[in-house]
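With compact mmCIF, C-alpha atoms inside, this is final-v1.txt:
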```txt
# COMPACT_ATOMS: atom_id res chain seq x y z
CA MET A 690 -7.88 16.78 8.79
CA GLU A 691 -11.07 15.56 7.13
CA ASN A 692 -11.37 18.98 5.46
CA SER A 693 -7.89 18.83 3.90
CA THR A 694 -7.68 19.38 0.15
CA SER A 695 -4.28 17.67 -0.06
CA ILE A 696 -5.96 14.26 0.35
CA LEU A 697 -9.21 13.33 -1.37
CA TYR A 698 -11.38 10.53 0.02
CA THR A 699 -14.27 8.82 -1.72
CA GLN A 700 -16.16 5.63 -1.03
CA GLU A 701 -18.32 3.61 -3.38
CA GLY A 702 -19.28 -0.03 -3.61
CA GLY A 703 -17.16 -1.13 -0.67
CA ILE A 704 -14.07 0.61 -2.08
CA ALA A 705 -12.40 3.58 -0.40
CA THR A 706 -10.20 5.61 -2.74
CA ILE A 707 -7.58 7.80 -1.09
CA THR A 708 -5.99 10.26 -3.49
CA LEU A 709 -2.85 12.32 -2.96
CA ASN A 710 -3.74 15.77 -4.21
CA ARG A 711 -0.84 18.21 -4.44
CA PRO A 712 -0.18 17.86 -8.18
CA SER A 713 1.62 21.20 -8.48
CA VAL A 714 4.49 19.77 -6.37
CA PHE A 715 4.21 16.20 -7.72
CA ASN A 716 2.22 15.18 -4.65
CA SER A 717 5.23 15.57 -2.38
CA PHE A 718 4.49 15.25 1.32
CA ASN A 719 4.23 18.16 3.69
CA HIS A 720 3.21 17.81 7.33
CA GLU A 721 -0.45 18.66 6.73
CA MET A 722 -0.75 16.15 3.87
CA ILE A 723 0.80 13.34 5.88
CA LYS A 724 -1.50 13.93 8.84
CA ALA A 725 -4.49 13.99 6.49
CA LEU A 726 -3.38 10.71 4.92
CA GLN A 727 -2.97 9.13 8.36
CA HIS A 728 -6.50 10.29 9.22
CA HIS A 729 -8.09 8.86 6.08
CA LEU A 730 -6.28 5.54 6.44
CA ASP A 731 -7.81 5.33 9.92
CA VAL A 732 -11.25 6.18 8.51
CA ALA A 733 -10.98 3.39 5.91
CA ALA A 734 -9.70 0.91 8.50
CA GLN A 735 -12.54 1.60 10.93
CA ASP A 736 -15.40 1.73 8.42
CA ALA A 737 -16.97 -1.74 8.24
CA SER A 738 -18.52 -0.94 4.86
CA VAL A 739 -15.05 -0.50 3.31
CA ARG A 740 -13.69 -3.81 2.03
CA ALA A 741 -10.81 -2.61 -0.15
CA VAL A 742 -8.70 0.54 -0.34
CA VAL A 743 -7.06 2.17 -3.35
CA LEU A 744 -4.21 4.62 -2.83
CA THR A 745 -3.54 6.80 -5.87
CA ALA A 746 -2.82 10.41 -6.87
CA THR A 747 -3.84 13.26 -9.13
CA GLY A 748 -1.71 14.75 -11.90
CA LYS A 749 1.36 13.33 -13.59
CA ALA A 750 3.10 11.99 -10.49
CA PHE A 751 2.19 9.49 -7.79
CA CYS A 752 4.42 11.02 -5.13
CA ALA A 753 7.85 12.67 -5.19
CA GLY A 754 8.49 11.95 -1.49
CA GLN A 755 9.14 14.59 1.14
CA ASP A 756 8.53 18.23 0.24
CA LEU A 757 12.07 19.50 0.79
CA GLY A 758 10.89 23.09 0.68
CA GLU A 759 8.98 22.59 3.91
CA VAL A 760 11.87 20.84 5.66
CA LEU A 761 14.47 23.40 4.60
CA ASP A 762 12.38 26.17 6.13
CA GLU A 763 13.16 24.74 9.57
CA LYS A 764 16.22 26.05 11.44
CA GLU A 765 17.11 22.60 12.76
CA ILE A 766 15.77 19.52 11.02
CA ASP A 767 14.87 16.62 13.33
CA PHE A 768 14.90 13.80 10.79
CA ASN A 769 14.27 11.14 13.42
CA LYS A 770 11.09 12.94 14.50
CA ILE A 771 9.93 13.34 10.90
CA VAL A 772 10.36 9.63 10.21
CA ASN A 773 8.84 8.41 13.47
CA GLU A 774 5.86 10.76 13.56
CA ASN A 775 5.08 11.03 9.86
CA TYR A 776 6.24 8.12 7.73
CA ASN A 777 6.41 5.16 10.11
CA PRO A 778 2.73 5.51 11.10
CA LEU A 779 1.71 5.48 7.42
CA VAL A 780 3.48 2.19 6.80
CA LEU A 781 2.08 0.58 9.95
CA LYS A 782 -1.46 1.74 9.23
CA ILE A 783 -1.29 0.13 5.78
CA ARG A 784 0.26 -3.12 7.00
CA ASN A 785 -2.03 -3.45 10.04
CA MET A 786 -5.25 -2.63 8.20
CA ASP A 787 -7.59 -5.63 8.03
CA LYS A 788 -8.37 -4.82 4.40
CA PRO A 789 -6.32 -5.07 1.20
CA VAL A 790 -4.66 -1.85 0.05
CA VAL A 791 -3.89 -1.36 -3.64
CA ALA A 792 -1.30 1.21 -4.68
CA ALA A 793 -2.34 2.57 -8.07
CA VAL A 794 0.84 4.32 -9.19
CA ASN A 795 -0.19 6.79 -11.86
CA GLY A 796 3.22 8.41 -12.42
CA VAL A 797 6.68 8.82 -10.95
CA ALA A 798 7.05 7.41 -7.43
CA ALA A 799 10.24 8.67 -5.83
CA GLY A 800 11.80 8.43 -2.39
CA ALA A 801 9.19 7.99 0.33
CA GLY A 802 6.54 7.99 -2.40
CA ALA A 803 8.04 4.86 -3.95
CA ASN A 804 8.38 3.09 -0.62
CA LEU A 805 4.88 4.00 0.51
CA ALA A 806 3.58 2.25 -2.61
CA LEU A 807 5.72 -0.82 -1.92
CA ALA A 808 4.23 -1.09 1.57
CA CYS A 809 0.81 -1.77 0.04
CA ASP A 810 -0.56 -5.27 -0.57
CA ILE A 811 -0.81 -5.00 -4.35
CA VAL A 812 1.08 -2.47 -6.46
CA VAL A 813 0.07 -1.67 -10.04
CA ALA A 814 1.32 1.14 -12.23
CA LYS A 815 0.75 2.98 -15.45
CA LYS A 816 3.13 1.88 -18.18
CA SER A 817 4.56 5.40 -18.20
CA ALA A 818 5.24 5.39 -14.46
CA ASN A 819 8.63 4.82 -12.89
CA PHE A 820 10.15 4.24 -9.47
CA ILE A 821 13.30 5.74 -8.01
CA GLN A 822 15.08 5.41 -4.68
CA ALA A 823 16.20 9.04 -4.78
CA PHE A 824 17.61 9.28 -1.26
CA SER A 825 21.30 8.81 -2.07
CA LYS A 826 21.23 11.81 -4.38
CA ILE A 827 20.90 14.10 -1.36
CA GLY A 828 22.85 12.04 1.16
CA LEU A 829 19.91 10.45 2.96
CA ILE A 830 18.89 6.83 3.53
CA PRO A 831 15.73 5.09 2.23
CA ASP A 832 12.90 5.42 4.75
CA CYS A 833 9.16 4.72 4.77
CA GLY A 834 9.97 1.02 5.03
CA GLY A 835 12.12 0.91 1.92
CA THR A 836 15.01 -1.00 3.49
CA TYR A 837 12.48 -3.56 4.75
CA PHE A 838 10.24 -4.14 1.75
CA LEU A 839 12.48 -3.69 -1.28
CA PRO A 840 15.04 -6.45 -0.44
CA ARG A 841 12.17 -8.83 0.25
CA LEU A 842 10.52 -8.00 -3.07
CA ILE A 843 13.51 -8.06 -5.41
CA GLY A 844 16.43 -9.51 -3.44
CA PHE A 845 19.31 -7.96 -1.54
CA GLN A 846 21.65 -7.29 -4.46
CA ARG A 847 19.13 -5.50 -6.66
CA ALA A 848 17.74 -3.53 -3.74
CA ALA A 849 21.21 -2.40 -2.68
CA ALA A 850 22.08 -1.30 -6.21
CA LEU A 851 18.86 0.65 -6.70
CA MET A 852 19.23 2.38 -3.34
CA LEU A 853 22.91 3.23 -3.74
CA LEU A 854 22.83 4.23 -7.40
CA ALA A 855 19.33 5.78 -7.42
CA ASP A 856 18.61 4.28 -10.84
CA LYS A 857 15.19 4.90 -12.32
CA VAL A 858 13.09 1.75 -12.78
CA SER A 859 10.33 1.70 -15.40
CA ALA A 860 6.99 0.05 -14.71
CA GLU A 861 7.92 -2.74 -17.13
CA GLN A 862 11.22 -3.34 -15.34
CA ALA A 863 9.49 -3.16 -11.96
CA LYS A 864 7.13 -5.96 -12.93
CA GLU A 865 9.94 -8.05 -14.41
CA ILE A 866 12.00 -7.97 -11.20
CA GLY A 867 9.02 -8.50 -8.90
CA MET A 868 8.83 -4.99 -7.45
CA ILE A 869 5.19 -4.58 -8.51
CA TYR A 870 2.34 -6.91 -9.42
CA ASP A 871 1.52 -5.48 -12.86
CA TYR A 872 1.41 -2.44 -15.11
CA PHE A 873 -1.25 -1.30 -17.57
CA ALA A 874 -1.49 0.99 -20.57
CA ASP A 875 -2.09 4.56 -19.48
CA ASP A 876 -5.47 4.81 -21.19
CA THR A 877 -6.83 1.64 -19.56
CA PHE A 878 -5.17 2.09 -16.17
CA ASP A 879 -8.18 3.42 -14.24
CA ALA A 880 -10.44 0.66 -15.55
CA GLU A 881 -7.90 -2.05 -14.66
CA VAL A 882 -7.46 -0.66 -11.15
CA ALA A 883 -11.24 -0.63 -10.72
CA LYS A 884 -11.42 -4.31 -11.74
CA ILE A 885 -8.86 -5.27 -9.11
CA ALA A 886 -10.50 -3.17 -6.40
CA HIS A 887 -13.99 -4.52 -7.11
CA LYS A 888 -12.70 -8.10 -7.13
CA LEU A 889 -11.05 -7.57 -3.72
CA ALA A 890 -14.17 -5.88 -2.33
CA ASP A 891 -16.27 -8.88 -3.39
CA LEU A 892 -14.00 -11.46 -1.74
CA PRO A 893 -14.18 -12.74 1.88
CA THR A 894 -12.77 -9.74 3.76
CA LYS A 895 -11.90 -11.58 6.96
CA GLY A 896 -10.10 -14.30 5.04
CA LEU A 897 -8.08 -11.66 3.20
CA ALA A 898 -7.25 -9.97 6.51
CA TYR A 899 -6.01 -13.24 7.99
CA THR A 900 -3.87 -13.86 4.89
CA LYS A 901 -2.39 -10.37 5.26
CA LYS A 902 -1.58 -10.96 8.94
CA LEU A 903 0.15 -14.23 8.08
CA LEU A 904 2.20 -12.56 5.36
CA ASN A 905 3.28 -9.90 7.86
CA GLN A 906 4.31 -12.56 10.37
CA SER A 907 6.19 -14.63 7.79
CA PHE A 908 9.03 -12.09 7.74
CA GLN A 909 10.15 -13.03 11.24
CA ASN A 910 8.62 -16.44 12.05
CA SER A 911 10.41 -19.76 11.81
CA ILE A 912 8.79 -22.34 9.54
CA GLU A 913 7.52 -24.17 12.63
CA GLU A 914 5.88 -21.04 14.05
CA GLN A 915 4.45 -20.06 10.68
CA LEU A 916 2.84 -23.48 10.25
CA LYS A 917 1.37 -23.16 13.73
CA GLN A 918 -0.04 -19.74 12.91
CA GLU A 919 -1.55 -21.07 9.68
CA GLY A 920 -3.47 -23.62 11.69
CA LEU A 921 -4.75 -21.00 14.12
CA PHE A 922 -5.83 -18.60 11.40
CA GLN A 923 -7.40 -21.39 9.34
CA ALA A 924 -9.57 -22.17 12.35
CA LYS A 925 -10.61 -18.52 12.51
CA ALA A 926 -11.36 -18.45 8.79
CA GLY A 927 -13.38 -21.64 9.06
CA ASN A 928 -15.67 -19.96 11.59
CA THR A 929 -16.62 -17.06 9.31
CA ALA A 930 -19.96 -16.68 7.56
CA ASP A 931 -18.10 -16.19 4.28
CA TYR A 932 -16.52 -19.64 4.56
CA LYS A 933 -19.96 -21.18 4.93
CA GLU A 934 -21.21 -19.16 1.97
CA GLY A 935 -18.24 -20.26 -0.13
CA VAL A 936 -18.87 -23.94 0.62
CA ASP A 937 -22.62 -23.63 0.06
CA ALA A 938 -22.07 -21.87 -3.26
CA PHE A 939 -19.61 -24.56 -4.36
CA LEU A 940 -22.05 -27.37 -3.50
CA GLU A 941 -24.97 -25.53 -5.12
CA LYS A 942 -22.88 -24.70 -8.22
CA ARG A 943 -23.48 -20.94 -8.00
CA ASN A 944 -21.38 -17.85 -7.55
CA PRO A 945 -20.81 -17.00 -3.88
CA VAL A 946 -22.02 -13.72 -2.41
CA PHE A 947 -19.54 -12.78 0.29
CA LYS A 948 -20.44 -10.15 2.88
CA GLY A 949 -17.08 -9.76 4.58
CA GLU A 950 -18.37 -11.45 7.73
```

Represent the structure contained in this file as structure tokens.
Amino acid sequence: MENSTSILYTQEGGIATITLNRPSVFNSFNHEMIKALQHHLDVAAQDASVRAVVLTATGKAFCAGQDLGEVLDEKEIDFNKIVNENYNPLVLKIRNMDKPVVAAVNGVAAGAGANLALACDIVVAKKSANFIQAFSKIGLIPDCGGTYFLPRLIGFQRAAALMLLADKVSAEQAKEIGMIYDYFADDTFDAEVAKIAHKLADLPTKGLAYTKKLLNQSFQNSIEEQLKQEGLFQAKAGNTADYKEGVDAFLEKRNPVFKGE
């Protein structure tokens, strides 16, 4: 899958950029593209030199979800298999990666494309971008983690309405209701994404990973268990070289140089 043209992968300065690259079909997912994306997420996760990941796309769209043309070519569609073998692994790879993943939404994000973005740690979008839970328009249910993440981001009532009515949400609205972190003017978008990615890549990678693990656990832990886990992970963080560097830099009144160790 490393030779796939449907996913582009570059690495520079501790940042891995994974780009969806089927612009002629609005970067909709076919089987080959999904497997290539799974592969490159694994590459980024396993490469110690990668300290932040950016997920973005070419063309006018971020991702229009599943390529229905591919699915409709099948005599019998096994939706359960498609979800379990294709989309669920993508979500879990993003959430379990010990590095921050930024979704840089450059255009429309619909269906599984919208929910894949929402599974990332930080979501930013072009001002011209929009998000749509398009599933109800064809009688399907939101997958790719949508029923998990969206209610937690914007609340049950808003999530239910957006999923049932399939209303389009602008980038400005998405920020206002807490669906995404921020949006930027189209002409400055790439530069703003780069700033965020470089800042993440320069921070203490292990500390960020521990924070991410705690956020994942917070969805099911009691307050007592979450407090316990904070203590355990704080002990881990306190044993990292980056913690020592952060304290030394503070005492010496200089900028820290973190190595992700």

Nearest to Ser825 in chain A, restricted to only C-alpha atoms and choosing among A:Arg847, A:Ala806, A:Leu854, A:Asn716, comes out as A:Leu854

When you look at Gly796 in chain A with a cut-off of 7 Å (counting only C-alpha atoms), what residues show up, excluding the ones that are within fewer than 4 positions of it in the same chain? I need them as a ChimeraX atom specification.
/A:749-751,815,817-819

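Every protein or nucleic acid residue with an atom no more than 12 Å from Asn905 in chain A, counting all atoms listed in the file and leaving out same-chain residues fewer than 3 positions away, appears here: A:Leu781, A:Ile783, A:Arg784, A:Asn785, A:Met786, A:Asp787, A:Ala808, A:Cys809, A:Asp810, A:Tyr837, A:Phe838, A:Arg841, A:Ala898, A:Tyr899, A:Thr900, A:Lys901, A:Lys902, A:Phe908, A:Gln909, A:Asn910, A:Gln915, A:Gln918.
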
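Using all atoms listed in the file for every distance, the candidate list A:Val732, A:Ile885, A:Cys752, A:Met868 yields A:Cys752 as the residue closest to Pro712 in chain A.
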
CA of Thr894 in chain A sits from CA of His729 in chain A at a separation of 19.3 Å

Of A:Ala753, A:Ser713, A:His720, A:Ala725, the one sitting nearest Ile696 in chain A when using all atoms listed in the file is A:Ala725

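The space separating CA of Gly754 in chain A from CA of Leu851 in chain A comes to 16.2 Å.
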
Residue with the minimum atom-to-atom distance to Val760 in chain A, picked from A:Asn710, A:Tyr872, A:Gly927, A:Asn719 with only C-alpha atoms counted, is A:Asn719

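In this structure, CA of Ala855 in chain A sits 13.8 Å away from CA of Asp832 in chain A.
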
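For the choices A:Glu934, A:Glu721, A:Glu861, A:Asp767, the atom-to-atom distance to Val946 in chain A is smallest for A:Glu934 when using all atoms listed in the file.
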
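Remark: for Tyr698 in chain A, the closest of the candidate residues A:Ala863, A:Ala874, A:Ala733, A:Leu829 is A:Ala733 (distances computed over only C-alpha atoms).
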
Self-check item: Selection near Ala801 in chain A, 12 Å with all atoms listed in the file, sequence-local residues under 5 positions removed, as a ChimeraX atom specification
Solution: /A:716-719,723,751-757,771-772,775-777,779-780,806-808,820-824,829-836

Produce a file of the selected residues containing C-alpha atoms, as a PDB file, in the frame of the given file.
```pdb
ATOM      1  CA  ASN A 716       2.220  15.180  -4.650  1.00  0.00           C
ATOM      2  CA  SER A 717       5.230  15.570  -2.380  1.00  0.00           C
ATOM      3  CA  PHE A 718       4.490  15.250   1.320  1.00  0.00           C
ATOM      4  CA  ASN A 719       4.230  18.160   3.690  1.00  0.00           C
ATOM      5  CA  ILE A 723       0.800  13.340   5.880  1.00  0.00           C
ATOM      6  CA  PHE A 751       2.190   9.490  -7.790  1.00  0.00           C
ATOM      7  CA  CYS A 752       4.420  11.020  -5.130  1.00  0.00           C
ATOM      8  CA  ALA A 753       7.850  12.670  -5.190  1.00  0.00           C
ATOM      9  CA  GLY A 754       8.490  11.950  -1.490  1.00  0.00           C
ATOM     10  CA  GLN A 755       9.140  14.590   1.140  1.00  0.00           C
ATOM     11  CA  ASP A 756       8.530  18.230   0.240  1.00  0.00           C
ATOM     12  CA  LEU A 757      12.070  19.500   0.790  1.00  0.00           C
ATOM     13  CA  ILE A 771       9.930  13.340  10.900  1.00  0.00           C
ATOM     14  CA  VAL A 772      10.360   9.630  10.210  1.00  0.00           C
ATOM     15  CA  ASN A 775       5.080  11.030   9.860  1.00  0.00           C
ATOM     16  CA  TYR A 776       6.240   8.120   7.730  1.00  0.00           C
ATOM     17  CA  ASN A 777       6.410   5.160  10.110  1.00  0.00           C
ATOM     18  CA  LEU A 779       1.710   5.480   7.420  1.00  0.00           C
ATOM     19  CA  VAL A 780       3.480   2.190   6.800  1.00  0.00           C
ATOM     20  CA  ALA A 806       3.580   2.250  -2.610  1.00  0.00           C
ATOM     21  CA  LEU A 807       5.720  -0.820  -1.920  1.00  0.00           C
ATOM     22  CA  ALA A 808       4.230  -1.090   1.570  1.00  0.00           C
ATOM     23  CA  PHE A 820      10.150   4.240  -9.470  1.00  0.00           C
ATOM     24  CA  ILE A 821      13.300   5.740  -8.010  1.00  0.00           C
ATOM     25  CA  GLN A 822      15.080   5.410  -4.680  1.00  0.00           C
ATOM     26  CA  ALA A 823      16.200   9.040  -4.780  1.00  0.00           C
ATOM     27  CA  PHE A 824      17.610   9.280  -1.260  1.00  0.00           C
ATOM     28  CA  LEU A 829      19.910  10.450   2.960  1.00  0.00           C
ATOM     29  CA  ILE A 830      18.890   6.830   3.530  1.00  0.00           C
ATOM     30  CA  PRO A 831      15.730   5.090   2.230  1.00  0.00           C
ATOM     31  CA  ASP A 832      12.900   5.420   4.750  1.00  0.00           C
ATOM     32  CA  CYS A 833       9.160   4.720   4.770  1.00  0.00           C
ATOM     33  CA  GLY A 834       9.970   1.020   5.030  1.00  0.00           C
ATOM     34  CA  GLY A 835      12.120   0.910   1.920  1.00  0.00           C
ATOM     35  CA  THR A 836      15.010  -1.000   3.490  1.00  0.00           C
TER      36      THR A 836
END
```

Any idea what's packed within 10 Å of Thr929 in chain A, counting only C-alpha atoms, ignoring anything in its chain fewer than 6 positions away? Could you give it as an MDAnalysis selection string?
chainID A and resid 893:896 949:950

Please provide the set of residues having any atom within 12 Å of Ile704 in chain A, restricted to all atoms listed in the file, with same-chain residues fewer than 6 positions apart removed, written as a VMD selection string. chain A and resid 698 733 to 734 736 to 744 788 to 791 882 to 891 894
